[in-house]
>>> print(open('coords.pdb').read())   # PDB, C-alpha atoms
ATOM      1  CA  VAL A   1      34.168   0.705  -5.349  1.00  0.00           C
ATOM      2  CA  LEU A   2      31.508   2.733  -7.188  1.00  0.00           C
ATOM      3  CA  GLN A   3      29.715  -0.421  -8.352  1.00  0.00           C
ATOM      4  CA  GLN A   4      29.844  -1.905  -4.856  1.00  0.00           C
ATOM      5  CA  ARG A   5      28.380   1.219  -3.227  1.00  0.00           C
ATOM      6  CA  SER A   6      25.759   1.616  -5.962  1.00  0.00           C
ATOM      7  CA  HIS A   7      24.726  -2.024  -5.570  1.00  0.00           C
ATOM      8  CA  GLN A   8      24.461  -1.607  -1.790  1.00  0.00           C
ATOM      9  CA  ALA A   9      22.333   1.515  -2.291  1.00  0.00           C
ATOM     10  CA  ASN A  10      20.095  -0.258  -4.816  1.00  0.00           C
ATOM     11  CA  VAL A  11      19.503  -3.125  -2.370  1.00  0.00           C
ATOM     12  CA  LEU A  12      18.601  -0.658   0.384  1.00  0.00           C
ATOM     13  CA  LEU A  13      16.233   1.148  -1.984  1.00  0.00           C
ATOM     14  CA  GLU A  14      14.539  -2.132  -2.956  1.00  0.00           C
ATOM     15  CA  GLU A  15      14.204  -3.065   0.732  1.00  0.00           C
ATOM     16  CA  GLY A  16      12.562   0.306   1.445  1.00  0.00           C
ATOM     17  CA  ASP A  17      15.328   1.625   3.695  1.00  0.00           C
ATOM     18  CA  LEU A  18      15.209   4.957   1.930  1.00  0.00           C
ATOM     19  CA  GLU A  19      17.318   7.091   4.275  1.00  0.00           C
ATOM     20  CA  ALA A  20      20.101   4.494   4.230  1.00  0.00           C
ATOM     21  CA  ALA A  21      19.797   4.283   0.429  1.00  0.00           C
ATOM     22  CA  VAL A  22      20.256   8.069   0.127  1.00  0.00           C
ATOM     23  CA  GLU A  23      23.366   7.860   2.309  1.00  0.00           C
ATOM     24  CA  ALA A  24      24.717   4.973   0.247  1.00  0.00           C
ATOM     25  CA  TYR A  25      24.095   6.878  -3.012  1.00  0.00           C
ATOM     26  CA  ASP A  26      25.909   9.845  -1.489  1.00  0.00           C
ATOM     27  CA  GLY A  27      28.822   7.479  -0.853  1.00  0.00           C
ATOM     28  CA  ALA A  28      28.761   6.333  -4.458  1.00  0.00           C
ATOM     29  CA  ILE A  29      28.619   9.942  -5.661  1.00  0.00           C
ATOM     30  CA  GLU A  30      31.572  10.763  -3.417  1.00  0.00           C
ATOM     31  CA  VAL A  31      33.571   8.043  -5.192  1.00  0.00           C
ATOM     32  CA  ASP A  32      32.488   9.286  -8.648  1.00  0.00           C
ATOM     33  CA  PRO A  33      30.615  12.601  -8.791  1.00  0.00           C
ATOM     34  CA  THR A  34      30.039  12.060 -12.534  1.00  0.00           C
ATOM     35  CA  ALA A  35      27.999   8.861 -12.051  1.00  0.00           C
ATOM     36  CA  ALA A  36      24.652   9.966 -13.488  1.00  0.00           C
ATOM     37  CA  SER A  37      22.944   6.732 -12.434  1.00  0.00           C
ATOM     38  CA  ALA A  38      23.857   7.315  -8.770  1.00  0.00           C
ATOM     39  CA  HIS A  39      22.335  10.810  -8.894  1.00  0.00           C
ATOM     40  CA  TYR A  40      19.233   9.438 -10.644  1.00  0.00           C
ATOM     41  CA  ASN A  41      18.741   6.622  -8.129  1.00  0.00           C
ATOM     42  CA  LYS A  42      19.335   9.007  -5.241  1.00  0.00           C
ATOM     43  CA  GLY A  43      16.587  11.155  -6.747  1.00  0.00           C
ATOM     44  CA  ASN A  44      14.232   8.184  -6.751  1.00  0.00           C
ATOM     45  CA  ALA A  45      14.913   7.505  -3.073  1.00  0.00           C
ATOM     46  CA  LEU A  46      14.449  11.177  -2.197  1.00  0.00           C
ATOM     47  CA  LYS A  47      11.195  11.339  -4.156  1.00  0.00           C
ATOM     48  CA  LYS A  48       9.877   8.304  -2.269  1.00  0.00           C
ATOM     49  CA  LEU A  49      10.794  10.103   0.966  1.00  0.00           C
ATOM     50  CA  GLY A  50       8.684  13.063  -0.161  1.00  0.00           C
ATOM     51  CA  ARG A  51      11.737  15.277  -0.499  1.00  0.00           C
ATOM     52  CA  ARG A  52      10.783  16.549  -3.949  1.00  0.00           C
ATOM     53  CA  LYS A  53      13.069  19.582  -3.959  1.00  0.00           C
ATOM     54  CA  ASP A  54      16.103  17.409  -3.189  1.00  0.00           C
ATOM     55  CA  ALA A  55      14.927  14.777  -5.680  1.00  0.00           C
ATOM     56  CA  LEU A  56      14.603  17.448  -8.357  1.00  0.00           C
ATOM     57  CA  LYS A  57      18.171  18.560  -7.716  1.00  0.00           C
ATOM     58  CA  ALA A  58      19.427  14.965  -8.033  1.00  0.00           C
ATOM     59  CA  PHE A  59      17.469  14.307 -11.245  1.00  0.00           C
ATOM     60  CA  LYS A  60      18.672  17.556 -12.800  1.00  0.00           C
ATOM     61  CA  GLU A  61      22.274  16.688 -11.940  1.00  0.00           C
ATOM     62  CA  ALA A  62      21.826  13.265 -13.539  1.00  0.00           C
ATOM     63  CA  GLY A  63      20.497  14.968 -16.649  1.00  0.00           C
ATOM     64  CA  ARG A  64      23.358  17.448 -16.704  1.00  0.00           C
ATOM     65  CA  LEU A  65      25.852  14.601 -16.487  1.00  0.00           C
ATOM     66  CA  ASP A  66      24.037  12.450 -19.054  1.00  0.00           C
ATOM     67  CA  PRO A  67      21.605  14.416 -21.245  1.00  0.00           C
ATOM     68  CA  SER A  68      20.516  11.155 -22.909  1.00  0.00           C
ATOM     69  CA  HIS A  69      19.143   9.814 -19.590  1.00  0.00           C
ATOM     70  CA  SER A  70      15.456  10.092 -20.496  1.00  0.00           C
ATOM     71  CA  LYS A  71      14.165   8.759 -17.176  1.00  0.00           C
ATOM     72  CA  CYS A  72      15.737  11.580 -15.178  1.00  0.00           C
ATOM     73  CA  TRP A  73      14.067  14.138 -17.479  1.00  0.00           C
ATOM     74  CA  MET A  74      10.726  12.348 -17.153  1.00  0.00           C
ATOM     75  CA  ASN A  75      10.972  12.397 -13.364  1.00  0.00           C
ATOM     76  CA  THR A  76      12.029  16.053 -13.401  1.00  0.00           C
ATOM     77  CA  GLY A  77       9.051  16.887 -15.587  1.00  0.00           C
ATOM     78  CA  ASN A  78       6.665  15.005 -13.312  1.00  0.00           C
ATOM     79  CA  ILE A  79       7.881  16.896 -10.251  1.00  0.00           C
ATOM     80  CA  TYR A  80       7.382  20.198 -12.057  1.00  0.00           C
ATOM     81  CA  LEU A  81       3.972  19.054 -13.321  1.00  0.00           C
ATOM     82  CA  ASP A  82       2.878  18.138  -9.788  1.00  0.00           C
ATOM     83  CA  ALA A  83       3.973  21.611  -8.658  1.00  0.00           C
ATOM     84  CA  GLU A  84       2.056  23.192 -11.584  1.00  0.00           C
ATOM     85  CA  LYS A  85       5.279  24.683 -12.951  1.00  0.00           C
ATOM     86  CA  TYR A  86       4.217  23.969 -16.495  1.00  0.00           C
ATOM     87  CA  GLU A  87       6.958  25.801 -18.414  1.00  0.00           C
ATOM     88  CA  ASN A  88       9.629  23.913 -16.463  1.00  0.00           C
ATOM     89  CA  ALA A  89       7.724  20.678 -17.005  1.00  0.00           C
ATOM     90  CA  ILE A  90       7.525  21.390 -20.740  1.00  0.00           C
ATOM     91  CA  ASP A  91      11.292  21.873 -20.906  1.00  0.00           C
ATOM     92  CA  SER A  92      11.914  18.636 -19.004  1.00  0.00           C
ATOM     93  CA  PHE A  93       9.509  16.566 -21.102  1.00  0.00           C
ATOM     94  CA  GLN A  94      11.056  17.992 -24.279  1.00  0.00           C
ATOM     95  CA  ARG A  95      14.490  16.913 -23.026  1.00  0.00           C
ATOM     96  CA  CYS A  96      13.081  13.455 -22.292  1.00  0.00           C
ATOM     97  CA  ILE A  97      11.717  13.201 -25.832  1.00  0.00           C
ATOM     98  CA  LYS A  98      14.983  14.454 -27.292  1.00  0.00           C
ATOM     99  CA  ALA A  99      16.754  11.634 -25.418  1.00  0.00           C
ATOM    100  CA  ASN A 100      14.070   9.063 -26.307  1.00  0.00           C
ATOM    101  CA  PRO A 101      11.750  10.134 -29.144  1.00  0.00           C
ATOM    102  CA  VAL A 102       9.449   7.128 -28.613  1.00  0.00           C
ATOM    103  CA  HIS A 103       8.780   7.795 -24.924  1.00  0.00           C
ATOM    104  CA  ALA A 104       4.991   7.723 -25.148  1.00  0.00           C
ATOM    105  CA  ARG A 105       4.298   8.945 -21.615  1.00  0.00           C
ATOM    106  CA  ALA A 106       6.598  11.927 -22.118  1.00  0.00           C
ATOM    107  CA  HIS A 107       4.607  12.870 -25.224  1.00  0.00           C
ATOM    108  CA  LEU A 108       1.380  12.503 -23.232  1.00  0.00           C
ATOM    109  CA  ALA A 109       2.620  14.653 -20.347  1.00  0.00           C
ATOM    110  CA  LEU A 110       4.130  17.242 -22.682  1.00  0.00           C
ATOM    111  CA  GLY A 111       0.853  17.430 -24.571  1.00  0.00           C
ATOM    112  CA  HIS A 112      -1.047  18.007 -21.345  1.00  0.00           C
ATOM    113  CA  CYS A 113       1.306  20.781 -20.222  1.00  0.00           C
ATOM    114  CA  LEU A 114       1.219  22.485 -23.620  1.00  0.00           C
ATOM    115  CA  ARG A 115      -2.575  22.486 -23.569  1.00  0.00           C
ATOM    116  CA  VAL A 116      -2.628  23.904 -20.028  1.00  0.00           C
ATOM    117  CA  VAL A 117      -0.488  26.865 -21.125  1.00  0.00           C
ATOM    118  CA  GLY A 118      -2.687  27.482 -24.163  1.00  0.00           C
ATOM    119  CA  ARG A 119      -0.575  25.806 -26.830  1.00  0.00           C
ATOM    120  CA  HIS A 120      -3.442  23.528 -27.843  1.00  0.00           C
ATOM    121  CA  THR A 121      -2.335  22.484 -31.336  1.00  0.00           C
ATOM    122  CA  GLU A 122       1.142  21.433 -30.172  1.00  0.00           C
ATOM    123  CA  GLY A 123      -0.369  19.691 -27.176  1.00  0.00           C
ATOM    124  CA  GLU A 124      -2.814  17.728 -29.272  1.00  0.00           C
ATOM    125  CA  GLU A 125       0.000  16.693 -31.634  1.00  0.00           C
ATOM    126  CA  HIS A 126       2.059  15.285 -28.763  1.00  0.00           C
ATOM    127  CA  GLN A 127      -0.950  13.522 -27.285  1.00  0.00           C
ATOM    128  CA  ALA A 128      -1.692  11.978 -30.687  1.00  0.00           C
ATOM    129  CA  THR A 129       1.924  10.804 -30.874  1.00  0.00           C
ATOM    130  CA  ALA A 130       1.575   9.276 -27.413  1.00  0.00           C
ATOM    131  CA  VAL A 131      -1.500   7.303 -28.474  1.00  0.00           C
ATOM    132  CA  GLU A 132       0.177   6.253 -31.708  1.00  0.00           C
ATOM    133  CA  LEU A 133       3.103   4.886 -29.694  1.00  0.00           C
ATOM    134  CA  GLU A 134       0.985   3.377 -26.925  1.00  0.00           C
ATOM    135  CA  PRO A 135      -2.738   3.147 -27.789  1.00  0.00           C
ATOM    136  CA  ALA A 136      -3.844   2.505 -24.191  1.00  0.00           C
ATOM    137  CA  LEU A 137      -2.789   6.063 -23.323  1.00  0.00           C
ATOM    138  CA  ALA A 138      -5.900   7.335 -25.127  1.00  0.00           C
ATOM    139  CA  ASN A 139      -7.734   6.651 -21.849  1.00  0.00           C
ATOM    140  CA  PHE A 140      -5.645   9.362 -20.125  1.00  0.00           C
ATOM    141  CA  ILE A 141      -6.416  12.224 -22.482  1.00  0.00           C
ATOM    142  CA  VAL A 142      -9.029  14.622 -21.162  1.00  0.00           C
TER     143      VAL A 142
END
>>> encode(input="coords.pdb", output="structure tokens")
Amino acid sequence: VLQQRSHQANVLLEEGDLEAAVEAYDGAIEVDPTAASAHYNKGNALKKLGRRKDALKAFKEAGRLDPSHSKCWMNTGNIYLDAEKYENAIDSFQRCIKANPVHARAHLALGHCLRVVGRHTEGEEHQATAVELEPALANFIV
């Protein structure tokens, strides 16, 4: 039942029927509240709807349920970064890197946030790691 509801929700998300996708993910979560992927995908639909606060809650729940889910931490960090909540973003990007040490974009974003809060050496180290992992990211370092 969980797989069926999740599949239905994924199809709705792909088709752009975001409100229906959120409802379908809620149905999947009702079947299995511990399904991290359903929370994560619900977060994606909510983010696309512009409901960042609700998306953040869904991503954080996915991360609580599955700390190794690097994508939910990356999305959480990006929401905090957009809101200029740099300390929260730093924590989220660090969790992403803990889950996936070779996540180049997480290193890049973490480096940016660290530099913004005055931790320049750490920030530069993470940005260098990002470029080492994905050389094209050098174009995004200011």
>>> resolve_selection(input="coords.pdb", expression="the PyMOL selection byres ((chain A and resi 87) around 10)", output="compact mmCIF listing (two decimals) with C-alpha atoms, keeping the file's coordinate frame")
# COMPACT_ATOMS: atom_id res chain seq x y z
CA GLY A 77 9.05 16.89 -15.59
CA TYR A 80 7.38 20.20 -12.06
CA LEU A 81 3.97 19.05 -13.32
CA GLU A 84 2.06 23.19 -11.58
CA LYS A 85 5.28 24.68 -12.95
CA TYR A 86 4.22 23.97 -16.50
CA ASN A 88 9.63 23.91 -16.46
CA ALA A 89 7.72 20.68 -17.00
CA ILE A 90 7.52 21.39 -20.74
CA ASP A 91 11.29 21.87 -20.91
CA SER A 92 11.91 18.64 -19.00
CA PHE A 93 9.51 16.57 -21.10
CA LEU A 110 4.13 17.24 -22.68
CA CYS A 113 1.31 20.78 -20.22
CA LEU A 114 1.22 22.48 -23.62
CA VAL A 116 -2.63 23.90 -20.03
CA VAL A 117 -0.49 26.86 -21.12
>>> residues_around(input="coords.pdb", residues="stretch 96-99 of chain A", least_positions_apart="4", cutoff="6 Å", atoms="only C-alpha atoms", output="number ranges by chain")
A: 68, 70, 73-74
>>> atom_distance(input="coords.pdb", atom1="atom CA of A:Lys71", atom2="atom CA of A:Ala58")
12.2 Å
>>> closest_residue(input="coords.pdb", among="A:Ala28, A:Ala9, A:Val22, A:Ala62", to="A:Lys42", atoms="all atoms listed in the file")
A:Val22
>>> resolve_selection(input="coords.pdb", expression="the PyMOL selection byres ((chain A and resi 12) around 12)", output="list in words")
Arg5, Ser6, His7, Gln8, Ala9, Asn10, Val11, Leu13, Glu14, Glu15, Gly16, Asp17, Leu18, Glu19, Ala20, Ala21, Val22, Glu23, Ala24, Tyr25, Asn41, Lys42 and Ala45 of chain A
>>> atom_distance(input="coords.pdb", atom1="atom CA of A:His112", atom2="atom CA of A:Ser37")
28.0 Å
>>> atom_distance(input="coords.pdb", atom1="atom CA of A:Ala128", atom2="atom CA of A:Ala104")
9.7 Å
>>> axis_aligned_box(input="coords.pdb", around="stretch 75-92 of chain A", padding_each_side="4 Å", output="JSON")
{"center_x": 7.0, "center_y": 19.1, "center_z": -14.8, "size_x": 18.0, "size_y": 21.4, "size_z": 20.2}
>>> closest_residue(input="coords.pdb", among="A:Pro135, A:Asp32, A:Ala106, A:Ile79", to="A:Arg51", atoms="only C-alpha atoms")
A:Ile79
>>> resolve_selection(input="coords.pdb", expression="the PyMOL selection byres ((chain A and resi 131) around 12)", output="count of residues only")
26
>>> residues_around(input="coords.pdb", residues="A:Pro33", least_positions_apart="3", cutoff="12 Å", atoms="only C-alpha atoms", output="number ranges by chain")
A: 2, 25-30, 36-40, 58, 61-62, 64-65
>>> closest_residue(input="coords.pdb", among="A:His120, A:Val31, A:Gln3, A:Phe59", to="A:Asn78", atoms="all atoms listed in the file")
A:Phe59
>>> closest_residue(input="coords.pdb", among="A:Ala35, A:Val1, A:Val142, A:Leu49", to="A:Arg115", atoms="all atoms listed in the file")
A:Val142
